[in-house]
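Trainee: Hey, dropping entry-v5.pdb in here, PDB, C-alpha atoms:
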```
ATOM      1  CA  MET B  80      90.579  66.263  -5.467
ATOM      2  CA  ARG B  81      90.723  69.624  -3.655
ATOM      3  CA  ILE B  82      88.116  69.566  -0.904
ATOM      4  CA  ALA B  83      87.138  72.157   1.687
ATOM      5  CA  VAL B  84      85.176  70.924   4.712
ATOM      6  CA  ILE B  85      83.248  73.662   6.491
ATOM      7  CA  GLY B  86      82.863  72.319  10.013
ATOM      8  CA  ALA B  87      85.261  69.782  11.495
ATOM      9  CA  GLY B  88      82.851  68.246  13.997
ATOM     10  CA  GLY B  89      81.484  64.713  13.957
ATOM     11  CA  VAL B  90      80.460  64.567  10.299
ATOM     12  CA  GLY B  91      83.152  66.801   8.812
ATOM     13  CA  GLY B  92      85.905  65.477  11.056
ATOM     14  CA  TYR B  93      85.204  61.807  10.376
ATOM     15  CA  PHE B  94      84.628  61.910   6.629
ATOM     16  CA  GLY B  95      87.049  64.760   5.952
ATOM     17  CA  GLY B  96      89.666  62.990   8.050
ATOM     18  CA  LYS B  97      89.257  59.752   6.093
ATOM     19  CA  LEU B  98      89.592  61.618   2.798
ATOM     20  CA  ALA B  99      92.675  63.503   3.995
ATOM     21  CA  LEU B 100      94.321  60.344   5.291
ATOM     22  CA  ALA B 101      93.805  58.733   1.865
ATOM     23  CA  GLY B 102      95.697  61.539   0.162
ATOM     24  CA  GLU B 103      92.959  63.921  -0.974
ATOM     25  CA  ASP B 104      93.812  67.630  -0.633
ATOM     26  CA  VAL B 105      91.482  68.461   2.259
ATOM     27  CA  THR B 106      91.296  71.783   4.109
ATOM     28  CA  PHE B 107      89.105  72.133   7.198
ATOM     29  CA  ILE B 108      87.404  75.450   7.909
ATOM     30  CA  ALA B 109      87.133  75.452  11.686
ATOM     31  CA  ARG B 110      87.632  77.743  14.652
ATOM     32  CA  GLY B 111      88.461  78.029  18.325
ATOM     33  CA  SER B 112      90.222  75.436  20.442
ATOM     34  CA  HIS B 113      89.318  72.616  18.035
ATOM     35  CA  LEU B 114      91.136  74.416  15.213
ATOM     36  CA  ASP B 115      94.120  75.167  17.441
ATOM     37  CA  ALA B 116      94.403  71.530  18.557
ATOM     38  CA  MET B 117      94.157  70.184  14.991
ATOM     39  CA  LYS B 118      96.880  72.531  13.769
ATOM     40  CA  ARG B 119      99.092  71.635  16.722
ATOM     41  CA  ASP B 120      98.492  67.904  17.196
ATOM     42  CA  GLY B 121      96.558  66.735  14.123
ATOM     43  CA  LEU B 122      93.059  65.284  14.031
ATOM     44  CA  ARG B 123      92.337  62.133  16.030
ATOM     45  CA  VAL B 124      89.222  60.078  15.289
ATOM     46  CA  LEU B 125      88.045  57.376  17.692
ATOM     47  CA  SER B 126      85.740  54.951  15.907
ATOM     48  CA  GLY B 127      84.225  51.515  16.127
ATOM     49  CA  ASN B 128      85.495  51.097  12.584
ATOM     50  CA  GLY B 129      89.064  51.656  13.770
ATOM     51  CA  ASP B 130      90.759  54.703  15.267
ATOM     52  CA  PHE B 131      92.916  56.881  13.052
ATOM     53  CA  VAL B 132      94.988  60.047  13.181
ATOM     54  CA  VAL B 133      95.572  62.660  10.505
ATOM     55  CA  PRO B 134      98.959  63.922  11.744
ATOM     56  CA  GLN B 135      99.297  67.012   9.573
ATOM     57  CA  VAL B 136      96.010  68.813   9.112
ATOM     58  CA  LYS B 137      95.365  71.687   6.734
ATOM     59  CA  ALA B 138      92.970  73.887   8.692
ATOM     60  CA  THR B 139      92.106  77.566   8.925
ATOM     61  CA  ASP B 140      89.420  79.945  10.120
ATOM     62  CA  ASP B 141      89.874  82.138   7.018
ATOM     63  CA  ALA B 142      88.418  80.577   3.873
ATOM     64  CA  SER B 143      89.791  83.403   1.730
ATOM     65  CA  THR B 144      93.291  81.946   2.168
ATOM     66  CA  VAL B 145      92.286  78.619   0.593
ATOM     67  CA  GLY B 146      91.122  79.635  -2.861
ATOM     68  CA  PRO B 147      88.726  77.736  -5.166
ATOM     69  CA  VAL B 148      88.330  74.001  -4.575
ATOM     70  CA  ASP B 149      86.657  71.172  -6.459
ATOM     71  CA  LEU B 150      84.212  70.309  -3.684
ATOM     72  CA  VAL B 151      82.856  72.229  -0.698
ATOM     73  CA  MET B 152      81.375  69.973   1.990
ATOM     74  CA  ILE B 153      79.160  71.781   4.510
ATOM     75  CA  ALA B 154      78.916  69.937   7.825
ATOM     76  CA  VAL B 155      77.828  72.475  10.426
ATOM     77  CA  LYS B 156      74.890  72.729  12.783
ATOM     78  CA  LEU B 157      71.741  74.080  11.168
ATOM     79  CA  TRP B 158      71.889  77.490  12.833
ATOM     80  CA  SER B 159      75.214  78.077  11.039
ATOM     81  CA  THR B 160      73.855  77.416   7.531
ATOM     82  CA  ASP B 161      73.802  81.061   6.439
ATOM     83  CA  GLU B 162      77.272  81.649   7.877
ATOM     84  CA  SER B 163      78.614  78.562   6.108
ATOM     85  CA  ILE B 164      77.174  79.750   2.779
ATOM     86  CA  ALA B 165      78.954  83.064   3.249
ATOM     87  CA  THR B 166      82.160  81.146   3.988
ATOM     88  CA  ALA B 167      81.680  78.969   0.901
ATOM     89  CA  ARG B 168      81.665  81.986  -1.435
ATOM     90  CA  ALA B 169      85.448  82.296  -1.131
ATOM     91  CA  LEU B 170      85.885  78.592  -1.968
ATOM     92  CA  MET B 171      83.760  78.458  -5.106
ATOM     93  CA  GLY B 172      85.442  78.722  -8.498
ATOM     94  CA  PRO B 173      83.940  78.252 -11.980
ATOM     95  CA  GLU B 174      84.014  74.454 -11.678
ATOM     96  CA  SER B 175      83.337  74.086  -7.942
ATOM     97  CA  THR B 176      80.546  71.970  -6.471
ATOM     98  CA  VAL B 177      78.931  72.416  -3.056
ATOM     99  CA  VAL B 178      77.062  69.820  -1.001
ATOM    100  CA  SER B 179      75.425  69.964   2.412
ATOM    101  CA  PHE B 180      75.663  67.006   4.773
ATOM    102  CA  GLN B 181      73.605  68.755   7.438
ATOM    103  CA  ASN B 182      70.406  67.662   9.108
ATOM    104  CA  GLY B 183      67.119  69.149   7.968
ATOM    105  CA  VAL B 184      65.686  69.827   4.517
ATOM    106  CA  ASP B 185      66.371  73.525   3.936
ATOM    107  CA  ALA B 186      70.023  73.615   2.878
ATOM    108  CA  GLU B 187      69.649  72.672  -0.785
ATOM    109  CA  ASP B 188      67.205  75.496  -1.530
ATOM    110  CA  LYS B 189      69.508  78.003   0.168
ATOM    111  CA  LEU B 190      72.556  76.747  -1.722
ATOM    112  CA  ILE B 191      70.690  76.879  -5.039
ATOM    113  CA  ALA B 192      69.589  80.448  -4.322
ATOM    114  CA  GLU B 193      73.200  81.461  -3.637
ATOM    115  CA  PHE B 194      75.210  79.470  -6.179
ATOM    116  CA  GLY B 195      72.745  78.206  -8.806
ATOM    117  CA  ARG B 196      71.247  74.769  -9.256
ATOM    118  CA  ASP B 197      74.063  73.475 -11.478
ATOM    119  CA  ARG B 198      76.645  74.037  -8.708
ATOM    120  CA  VAL B 199      74.743  72.071  -6.049
ATOM    121  CA  ILE B 200      74.435  68.342  -5.408
ATOM    122  CA  GLY B 201      72.512  66.628  -2.623
ATOM    123  CA  GLY B 202      74.029  64.736   0.276
ATOM    124  CA  VAL B 203      73.079  62.685   3.324
ATOM    125  CA  ALA B 204      75.423  61.690   6.158
ATOM    126  CA  ASN B 205      74.390  58.731   8.299
ATOM    127  CA  ILE B 206      76.706  58.739  11.309
ATOM    128  CA  ALA B 207      76.620  59.385  15.052
ATOM    129  CA  ALA B 208      79.724  61.390  15.891
ATOM    130  CA  LEU B 209      80.766  64.481  17.831
ATOM    131  CA  ILE B 210      83.753  66.458  19.042
ATOM    132  CA  GLU B 211      84.850  64.709  22.241
ATOM    133  CA  SER B 212      87.580  67.238  23.042
ATOM    134  CA  PRO B 213      89.605  69.747  21.017
ATOM    135  CA  GLY B 214      91.248  67.880  18.149
ATOM    136  CA  VAL B 215      89.390  64.632  18.908
ATOM    137  CA  VAL B 216      86.261  63.308  17.170
ATOM    138  CA  ARG B 217      84.335  60.389  18.654
ATOM    139  CA  HIS B 218      82.386  58.162  16.239
ATOM    140  CA  ASN B 219      79.816  56.154  18.171
ATOM    141  CA  GLY B 220      79.021  52.752  16.696
ATOM    142  CA  THR B 221      80.051  51.624  13.225
ATOM    143  CA  MET B 222      77.472  53.238  10.919
ATOM    144  CA  ALA B 223      79.223  55.758   8.666
ATOM    145  CA  LEU B 224      77.554  56.209   5.277
ATOM    146  CA  LEU B 225      77.530  59.064   2.786
ATOM    147  CA  GLN B 226      74.808  59.305   0.158
ATOM    148  CA  ILE B 227      75.298  61.687  -2.762
ATOM    149  CA  GLY B 228      73.408  62.470  -5.950
ATOM    150  CA  GLU B 229      72.532  65.023  -8.580
ATOM    151  CA  LEU B 230      69.319  66.855  -7.748
ATOM    152  CA  ASP B 231      67.763  65.666 -11.010
ATOM    153  CA  GLY B 232      68.809  62.044 -10.472
ATOM    154  CA  ARG B 233      71.186  61.809 -13.435
ATOM    155  CA  ARG B 234      74.635  60.262 -13.238
ATOM    156  CA  SER B 235      77.443  62.788 -13.780
ATOM    157  CA  ALA B 236      81.232  62.967 -13.976
ATOM    158  CA  ARG B 237      81.455  64.923 -10.725
ATOM    159  CA  ILE B 238      79.370  62.365  -8.860
ATOM    160  CA  ASP B 239      81.639  59.626 -10.244
ATOM    161  CA  ALA B 240      84.719  61.585  -9.096
ATOM    162  CA  ILE B 241      83.380  62.103  -5.567
ATOM    163  CA  GLU B 242      82.346  58.455  -5.331
ATOM    164  CA  ALA B 243      85.829  57.370  -6.463
ATOM    165  CA  ALA B 244      87.515  59.633  -3.890
ATOM    166  CA  CYS B 245      85.331  58.201  -1.120
ATOM    167  CA  LYS B 246      86.102  54.644  -2.161
ATOM    168  CA  ARG B 247      89.836  55.402  -2.172
ATOM    169  CA  ALA B 248      89.371  56.619   1.410
ATOM    170  CA  ASN B 249      87.437  53.477   2.419
ATOM    171  CA  VAL B 250      84.325  55.575   3.013
ATOM    172  CA  ASP B 251      81.023  53.776   2.548
ATOM    173  CA  VAL B 252      79.329  55.807  -0.198
ATOM    174  CA  ARG B 253      76.154  55.324  -2.210
ATOM    175  CA  VAL B 254      74.903  57.232  -5.218
ATOM    176  CA  ALA B 255      71.182  57.822  -4.757
ATOM    177  CA  ASP B 256      68.743  57.682  -7.659
ATOM    178  CA  ASP B 257      66.618  60.323  -5.898
ATOM    179  CA  ILE B 258      68.775  62.203  -3.408
ATOM    180  CA  LEU B 259      65.971  64.571  -2.364
ATOM    181  CA  LYS B 260      63.882  61.556  -1.375
ATOM    182  CA  SER B 261      66.877  60.217   0.595
ATOM    183  CA  ILE B 262      67.246  63.570   2.362
ATOM    184  CA  TRP B 263      63.587  63.485   3.364
ATOM    185  CA  GLU B 264      63.746  59.846   4.470
ATOM    186  CA  LYS B 265      66.532  60.813   6.841
ATOM    187  CA  PHE B 266      64.453  63.793   7.976
ATOM    188  CA  VAL B 267      61.497  61.517   8.789
ATOM    189  CA  PHE B 268      63.775  59.457  11.046
ATOM    190  CA  LEU B 269      65.813  62.277  12.586
ATOM    191  CA  ALA B 270      63.000  64.713  13.296
ATOM    192  CA  SER B 271      61.023  61.953  15.027
ATOM    193  CA  LEU B 272      63.998  60.552  16.949
ATOM    194  CA  SER B 273      65.144  63.997  18.066
ATOM    195  CA  ALA B 274      61.640  64.933  19.190
ATOM    196  CA  MET B 275      61.062  61.754  21.205
ATOM    197  CA  THR B 276      64.440  61.382  22.913
ATOM    198  CA  ALA B 277      64.755  65.081  23.760
ATOM    199  CA  LEU B 278      61.163  65.427  24.973
ATOM    200  CA  THR B 279      61.356  62.381  27.248
ATOM    201  CA  ARG B 280      65.102  62.571  28.092
ATOM    202  CA  MET B 281      65.178  58.818  27.441
ATOM    203  CA  PRO B 282      66.897  56.492  24.931
ATOM    204  CA  ILE B 283      64.995  54.678  22.211
ATOM    205  CA  GLY B 284      64.838  51.300  23.972
ATOM    206  CA  PRO B 285      61.937  51.973  26.349
ATOM    207  CA  LEU B 286      60.327  54.430  23.922
ATOM    208  CA  ARG B 287      59.916  51.836  21.173
ATOM    209  CA  GLU B 288      58.704  49.132  23.598
ATOM    210  CA  ASP B 289      55.894  51.117  25.228
ATOM    211  CA  ALA B 290      52.712  51.114  23.132
ATOM    212  CA  ASP B 291      51.872  54.770  23.771
ATOM    213  CA  THR B 292      55.331  56.185  23.066
ATOM    214  CA  ARG B 293      55.674  53.950  19.997
ATOM    215  CA  ALA B 294      52.374  55.338  18.730
ATOM    216  CA  LEU B 295      53.704  58.858  19.258
ATOM    217  CA  PHE B 296      56.840  57.930  17.297
ATOM    218  CA  ARG B 297      54.562  56.861  14.447
ATOM    219  CA  GLN B 298      52.479  60.029  14.622
ATOM    220  CA  LEU B 299      55.577  62.221  14.496
ATOM    221  CA  ALA B 300      56.899  60.307  11.482
ATOM    222  CA  ASP B 301      53.504  60.359   9.750
ATOM    223  CA  GLU B 302      53.420  64.144  10.031
ATOM    224  CA  VAL B 303      56.827  64.519   8.374
ATOM    225  CA  VAL B 304      55.774  62.175   5.559
ATOM    226  CA  ASP B 305      52.571  64.179   5.041
ATOM    227  CA  VAL B 306      54.558  67.412   4.801
ATOM    228  CA  GLY B 307      57.106  65.883   2.436
ATOM    229  CA  ARG B 308      54.403  64.554   0.111
ATOM    230  CA  ALA B 309      52.679  67.939   0.097
ATOM    231  CA  LYS B 310      55.998  69.414  -1.003
ATOM    232  CA  GLY B 311      56.164  66.919  -3.865
ATOM    233  CA  VAL B 312      58.619  64.392  -2.426
ATOM    234  CA  PRO B 313      57.643  60.828  -3.453
ATOM    235  CA  LEU B 314      57.724  59.218  -0.019
ATOM    236  CA  GLY B 315      56.242  55.722  -0.265
ATOM    237  CA  ASP B 316      53.481  54.172   1.817
ATOM    238  CA  GLY B 317      56.034  52.046   3.656
ATOM    239  CA  THR B 318      58.252  54.957   4.751
ATOM    240  CA  VAL B 319      57.070  55.047   8.366
ATOM    241  CA  ASP B 320      57.093  51.247   8.763
ATOM    242  CA  ALA B 321      60.654  51.217   7.414
ATOM    243  CA  MET B 322      61.617  53.912   9.923
ATOM    244  CA  LEU B 323      60.153  51.917  12.815
ATOM    245  CA  ALA B 324      61.900  48.745  11.609
ATOM    246  CA  ARG B 325      65.176  50.666  11.552
ATOM    247  CA  LEU B 326      64.421  51.983  15.029
ATOM    248  CA  ASP B 327      63.945  48.398  16.247
ATOM    249  CA  SER B 328      67.332  47.375  14.819
ATOM    250  CA  LEU B 329      69.346  50.010  16.679
ATOM    251  CA  PRO B 330      70.891  49.733  20.164
ATOM    252  CA  GLY B 331      68.345  50.526  22.849
ATOM    253  CA  SER B 332      70.740  53.034  24.403
ATOM    254  CA  MET B 333      70.711  55.285  21.335
ATOM    255  CA  VAL B 334      69.614  58.905  21.643
ATOM    256  CA  ALA B 335      69.544  61.765  19.157
ATOM    257  CA  SER B 336      72.285  64.361  19.381
ATOM    258  CA  MET B 337      69.641  66.971  20.225
ATOM    259  CA  GLN B 338      68.980  65.183  23.508
ATOM    260  CA  GLY B 339      72.670  65.417  24.351
ATOM    261  CA  ASP B 340      72.681  69.121  23.494
ATOM    262  CA  LEU B 341      69.599  69.640  25.654
ATOM    263  CA  LEU B 342      71.116  67.887  28.670
ATOM    264  CA  ARG B 343      74.400  69.800  28.283
ATOM    265  CA  GLY B 344      72.575  73.113  28.060
ATOM    266  CA  ASN B 345      73.684  73.727  24.468
ATOM    267  CA  ARG B 346      71.828  75.303  21.595
ATOM    268  CA  LEU B 347      69.343  72.989  19.848
ATOM    269  CA  GLU B 348      68.506  72.279  16.199
ATOM    270  CA  LEU B 349      64.844  72.230  17.304
ATOM    271  CA  PRO B 350      63.722  75.175  15.103
ATOM    272  CA  TRP B 351      64.862  73.289  11.989
ATOM    273  CA  LEU B 352      63.630  69.830  13.078
ATOM    274  CA  SER B 353      60.216  69.850  14.789
ATOM    275  CA  GLY B 354      60.049  73.591  14.217
ATOM    276  CA  GLY B 355      60.816  73.056  10.541
ATOM    277  CA  VAL B 356      58.056  70.460  10.249
ATOM    278  CA  VAL B 357      55.584  72.919  11.772
ATOM    279  CA  ARG B 358      56.729  75.804   9.562
ATOM    280  CA  LEU B 359      56.553  73.766   6.357
ATOM    281  CA  GLY B 360      53.221  72.279   7.419
ATOM    282  CA  GLU B 361      51.744  75.738   7.878
ATOM    283  CA  SER B 362      52.955  76.861   4.456
ATOM    284  CA  LEU B 363      51.533  73.737   2.773
ATOM    285  CA  GLY B 364      48.272  73.458   4.701
ATOM    286  CA  VAL B 365      49.292  70.261   6.544
ATOM    287  CA  ALA B 366      48.451  69.805  10.240
ATOM    288  CA  THR B 367      51.396  68.829  12.467
ATOM    289  CA  PRO B 368      50.021  68.747  16.045
ATOM    290  CA  ALA B 369      52.598  66.337  17.500
ATOM    291  CA  HIS B 370      55.592  68.325  16.248
ATOM    292  CA  ARG B 371      53.874  71.557  17.272
ATOM    293  CA  PHE B 372      53.614  70.208  20.821
ATOM    294  CA  VAL B 373      57.280  69.119  20.883
ATOM    295  CA  PHE B 374      58.375  72.505  19.568
ATOM    296  CA  ALA B 375      56.327  74.363  22.179
ATOM    297  CA  ALA B 376      57.564  72.096  24.987
ATOM    298  CA  LEU B 377      61.244  72.589  24.134
ATOM    299  CA  LYS B 378      61.426  76.006  22.481
ATOM    300  CA  LEU B 379      62.545  77.846  25.635
ATOM    301  CA  TYR B 380      65.673  75.646  25.548
ATOM    302  CA  ALA B 381      66.376  76.232  21.854
ATOM    303  CA  ASN B 382      69.140  78.779  22.498
ATOM    304  CA  GLY B 383      70.598  76.839  25.416
ATOM    305  CA  ARG B 384      69.427  76.189  28.945
ATOM    306  CA  PRO B 385      67.541  79.283  30.166
ATOM    307  CA  ALA B 386      68.634  80.915  33.411
ATOM    308  CA  GLU B 387      65.369  79.956  35.080
ATOM    309  CA  ALA B 388      66.164  76.242  34.566
ATOM    310  CA  ARG B 389      69.686  76.357  35.998
TER     311      ARG B 389
END
```
Represent the supplied structure as structure tokens.
Mentor:
Amino acid sequence: MRIAVIGAGGVGGYFGGKLALAGEDVTFIARGSHLDAMKRDGLRVLSGNGDFVVPQVKATDDASTVGPVDLVMIAVKLWSTDESIATARALMGPESTVVSFQNGVDAEDKLIAEFGRDRVIGGVANIAALIESPGVVRHNGTMALLQIGELDGRRSARIDAIEAACKRANVDVRVADDILKSIWEKFVFLASLSAMTALTRMPIGPLREDADTRALFRQLADEVVDVGRAKGVPLGDGTVDAMLARLDSLPGSMVASMQGDLLRGNRLELPWLSGGVVRLGESLGVATPAHRFVFAALKLYANGRPAEAR
């Protein structure tokens, strides 16, 4: 399978690297020192599931040199969604499929608007990983799951082909019966986790043990569920309880990547996480006071640490 991975960070580097190592024809669309290091030294992935190296990496910053592929995997930060769609145009042929493994819930609508519904499938990446240094991806923990599915829930030949490629690469993959519901279930968890750990600058351990902060976790999750249901997503009554049970099962030292970006002074995905909850809530007539507070408290950091805070 010919695959182009737009973004060779934690998600794209880990899963794209596994697919390349297994013999799939993978090209990374990357840039800067990370691209230079991969072309020079290969891609190194450090993982609790076992370290590996892709010694000869196909990578470029010019998608027009790649040509049409079977599958375009988008794995960039949310502020680069529009740029990644522009990049994907050069990779899409008559039979090409595109899937976003980003955070948030906006990508599918944007991809459909650009390429048409029949060219888009849904995807969810469950993994904690990041670029540790140029050419090196660090996968924290052992969780590394891809969920894929047709937007209408049917089983298709292309889903079967992607599933088979992932299995050949020893990638944990699941075909979802309702991928849009899976995307929103992840959003319930991630928007709440990002809000709490970034706002408090603390890991989940003490946050889930304290009665007040646990209640705030629940309120944040409840708001996302309310917005999702108003949008027509069939999120069940047990969605928030399941999220809290998952939270209780994770290492107490865990934080969301947005907290790390905040502490390093980097740009934040805040406008698409808590900000996205607020924006969707306003459009659907759903109140989201907890996420509105988080967004207001952190918005001056959204483009990186402001000069006044240095």
Trainee: Quick one: residues within 8 Å of range 340-354 of chain B, all atoms listed in the file, excluding same-chain residues fewer than 6 positions away - as a list in words?
Mentor: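 Answer for this query is Lys156, Leu157, Trp158, Gly183, Phe266, Leu269, Ala270, Ser271, Ser273, Ala274, Ala277, His370, Arg371, Val373, Phe374, Leu377, Lys378, Tyr380, Ala381, Asn382, Gly383 and Arg384 of chain B.
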Trainee: What do you get, as a CSV table (one decimal) with C-alpha atoms, in the coordinates of the input, if you spell out every residue that the PyMOL selection byres ((chain B and resi 282-294) around 9) selects here?
Mentor:
```
chain,number,residue,atom,x,y,z
B,272,LEU,CA,64.0,60.6,16.9
B,275,MET,CA,61.1,61.8,21.2
B,276,THR,CA,64.4,61.4,22.9
B,277,ALA,CA,64.8,65.1,23.8
B,279,THR,CA,61.4,62.4,27.2
B,280,ARG,CA,65.1,62.6,28.1
B,281,MET,CA,65.2,58.8,27.4
B,295,LEU,CA,53.7,58.9,19.3
B,296,PHE,CA,56.8,57.9,17.3
B,297,ARG,CA,54.6,56.9,14.4
B,298,GLN,CA,52.5,60.0,14.6
B,299,LEU,CA,55.6,62.2,14.5
B,323,LEU,CA,60.2,51.9,12.8
B,326,LEU,CA,64.4,52.0,15.0
B,327,ASP,CA,63.9,48.4,16.2
B,329,LEU,CA,69.3,50.0,16.7
B,330,PRO,CA,70.9,49.7,20.2
B,331,GLY,CA,68.3,50.5,22.8
B,332,SER,CA,70.7,53.0,24.4
B,333,MET,CA,70.7,55.3,21.3
B,334,VAL,CA,69.6,58.9,21.6
B,335,ALA,CA,69.5,61.8,19.2
```
Trainee: So, with all atoms listed in the file as the atoms that count, which of B:Asp316, B:Asp256, B:Asp161, B:Asp188 lies closest to Asp231 in chain B?
Mentor: B:Asp256
Trainee: I'd like the residues picked by the PyMOL selection byres ((chain B and resi 104) around 9) written out as JSON, numbers by chain, using the chain letters and numbers from the file.
Mentor: {"B": [80, 81, 82, 83, 98, 99, 102, 103, 105, 106, 137]}
Trainee: Could you turn the residues from that selection into a file that holds C-alpha atoms, as a short mmCIF file (atom, residue, chain, number, x, y, z; two decimals), in the frame of the given file?
Mentor:
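Contents of again.cif, as written:
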```
data_model
loop_
_atom_site.label_atom_id
_atom_site.label_comp_id
_atom_site.auth_asym_id
_atom_site.auth_seq_id
_atom_site.Cartn_x
_atom_site.Cartn_y
_atom_site.Cartn_z
CA MET B 80 90.58 66.26 -5.47
CA ARG B 81 90.72 69.62 -3.66
CA ILE B 82 88.12 69.57 -0.90
CA ALA B 83 87.14 72.16 1.69
CA LEU B 98 89.59 61.62 2.80
CA ALA B 99 92.68 63.50 4.00
CA GLY B 102 95.70 61.54 0.16
CA GLU B 103 92.96 63.92 -0.97
CA VAL B 105 91.48 68.46 2.26
CA THR B 106 91.30 71.78 4.11
CA LYS B 137 95.36 71.69 6.73
#
```
Trainee: If the PyMOL selection byres ((chain B and resi 237-249) around 9) is run on the structure shown, which residues does it catch, given as a list in words?
Mentor: Met80, Phe94, Lys97, Leu98, Ala99, Leu100, Ala101, Gly102, Glu103, Leu150, Thr176, Ile200, Leu225, Ile227, Gly228, Glu229, Arg234, Ser235, Ala236, Val250, Asp251, Val252, Arg253 and Val254 of chain B
Trainee: Please determine, counting all atoms listed in the file, which residue among B:Ala186, B:Val145, B:Val132, B:Leu209 has the shortest atom-to-atom distance to Thr160 in chain B.
Mentor: B:Ala186
Trainee: Please provide the set of residues having any atom within 10 Å of Gln181 in chain B, restricted to only C-alpha atoms, with same-chain residues fewer than 2 positions apart removed, written as number ranges by chain.
Mentor: B: 90-91, 152-157, 160, 178-179, 183-187, 202-204, 262
Trainee: Using C-alpha atoms, can you write the selected residues to a file as a tab-separated table (two decimals), in the frame of the given file?
Mentor:
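Resulting contents of selection-v4.tsv:
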```tsv
chain	number	residue	atom	x	y	z
B	90	VAL	CA	80.46	64.57	10.30
B	91	GLY	CA	83.15	66.80	8.81
B	152	MET	CA	81.38	69.97	1.99
B	153	ILE	CA	79.16	71.78	4.51
B	154	ALA	CA	78.92	69.94	7.82
B	155	VAL	CA	77.83	72.47	10.43
B	156	LYS	CA	74.89	72.73	12.78
B	157	LEU	CA	71.74	74.08	11.17
B	160	THR	CA	73.86	77.42	7.53
B	178	VAL	CA	77.06	69.82	-1.00
B	179	SER	CA	75.42	69.96	2.41
B	183	GLY	CA	67.12	69.15	7.97
B	184	VAL	CA	65.69	69.83	4.52
B	185	ASP	CA	66.37	73.53	3.94
B	186	ALA	CA	70.02	73.61	2.88
B	187	GLU	CA	69.65	72.67	-0.78
B	202	GLY	CA	74.03	64.74	0.28
B	203	VAL	CA	73.08	62.68	3.32
B	204	ALA	CA	75.42	61.69	6.16
B	262	ILE	CA	67.25	63.57	2.36
```
Trainee: Which residue is closest to Asp149 in chain B? Choose from B:Asp115, B:Arg198, B:Gly339, B:Val356 and count only C-alpha atoms.
Mentor: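 Among the listed residues, the smallest separation from Asp149 in chain B belongs to B:Arg198.
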Trainee: Could you check which of B:Arg119, B:Arg233, B:His113, B:Arg308 is closest to Glu264 in chain B, using all atoms listed in the file?
Mentor: B:Arg308
Trainee: Between CA of Leu122 in chain B and CA of Ile85 in chain B, measure the distance and give it in Å to one decimal.
Mentor: 14.9 Å
Trainee: Here is a test: counting only C-alpha atoms, which residue of B:Pro385, B:Gly195, B:Gly355, B:Gly214 is nearest to Ser112 in chain B?
Mentor: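 Of all the options, B:Gly214 lies closest to Ser112 in chain B.
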Trainee: Nearest to Pro147 in chain B among B:Ile206, B:Met171, B:Ala388, B:Leu125, with distances taken over only C-alpha atoms: which residue is it?
Mentor: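 Residue with the minimum atom-to-atom distance to Pro147 in chain B: B:Met171.
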Trainee: Could you please determine the separation between CA of Glu211 in chain B and CA of Gln338 in chain B in Å, to one decimal place?
Mentor: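 It comes out at 15.9 Å.
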Trainee: What does the distance between CA of Leu224 in chain B and CA of Glu193 in chain B come to in Å, to one decimal place?
Mentor: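 If I compute the distance from CA of Leu224 in chain B to CA of Glu193 in chain B, I get 27.1 Å.
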Trainee: Since the input is missing atoms, can you rebuild N, CA and C atoms for range 87-97 of chain B and write them as a PDB file, in the coordinates of the input?
Mentor:
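The resulting selection-v5.pdb:
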```
ATOM      1  N   ALA B  87      84.428  70.965  11.248  1.00  0.00           N
ATOM      2  CA  ALA B  87      85.261  69.782  11.495  1.00  0.00           C
ATOM      3  C   ALA B  87      84.763  69.018  12.713  1.00  0.00           C
ATOM      4  N   GLY B  88      83.439  68.991  12.894  1.00  0.00           N
ATOM      5  CA  GLY B  88      82.851  68.246  13.997  1.00  0.00           C
ATOM      6  C   GLY B  88      82.725  66.775  13.667  1.00  0.00           C
ATOM      7  N   GLY B  89      81.624  66.149  14.141  1.00  0.00           N
ATOM      8  CA  GLY B  89      81.484  64.713  13.957  1.00  0.00           C
ATOM      9  C   GLY B  89      81.448  64.296  12.506  1.00  0.00           C
ATOM     10  N   VAL B  90      80.599  64.932  11.711  1.00  0.00           N
ATOM     11  CA  VAL B  90      80.460  64.567  10.299  1.00  0.00           C
ATOM     12  C   VAL B  90      81.690  65.001   9.500  1.00  0.00           C
ATOM     13  N   GLY B  91      82.019  66.290   9.584  1.00  0.00           N
ATOM     14  CA  GLY B  91      83.152  66.801   8.812  1.00  0.00           C
ATOM     15  C   GLY B  91      84.472  66.213   9.243  1.00  0.00           C
ATOM     16  N   GLY B  92      84.646  66.021  10.561  1.00  0.00           N
ATOM     17  CA  GLY B  92      85.905  65.477  11.056  1.00  0.00           C
ATOM     18  C   GLY B  92      86.116  64.040  10.638  1.00  0.00           C
ATOM     19  N   TYR B  93      85.054  63.221  10.731  1.00  0.00           N
ATOM     20  CA  TYR B  93      85.204  61.807  10.376  1.00  0.00           C
ATOM     21  C   TYR B  93      85.439  61.647   8.880  1.00  0.00           C
ATOM     22  N   PHE B  94      84.519  62.148   8.063  1.00  0.00           N
ATOM     23  CA  PHE B  94      84.628  61.910   6.629  1.00  0.00           C
ATOM     24  C   PHE B  94      85.763  62.727   6.003  1.00  0.00           C
ATOM     25  N   GLY B  95      85.925  63.971   6.443  1.00  0.00           N
ATOM     26  CA  GLY B  95      87.049  64.760   5.952  1.00  0.00           C
ATOM     27  C   GLY B  95      88.376  64.165   6.358  1.00  0.00           C
ATOM     28  N   GLY B  96      88.436  63.628   7.583  1.00  0.00           N
ATOM     29  CA  GLY B  96      89.666  62.990   8.050  1.00  0.00           C
ATOM     30  C   GLY B  96      90.015  61.760   7.236  1.00  0.00           C
ATOM     31  N   LYS B  97      89.015  60.948   6.915  1.00  0.00           N
ATOM     32  CA  LYS B  97      89.257  59.752   6.093  1.00  0.00           C
ATOM     33  C   LYS B  97      89.768  60.144   4.700  1.00  0.00           C
TER      34      LYS B  97
END
```
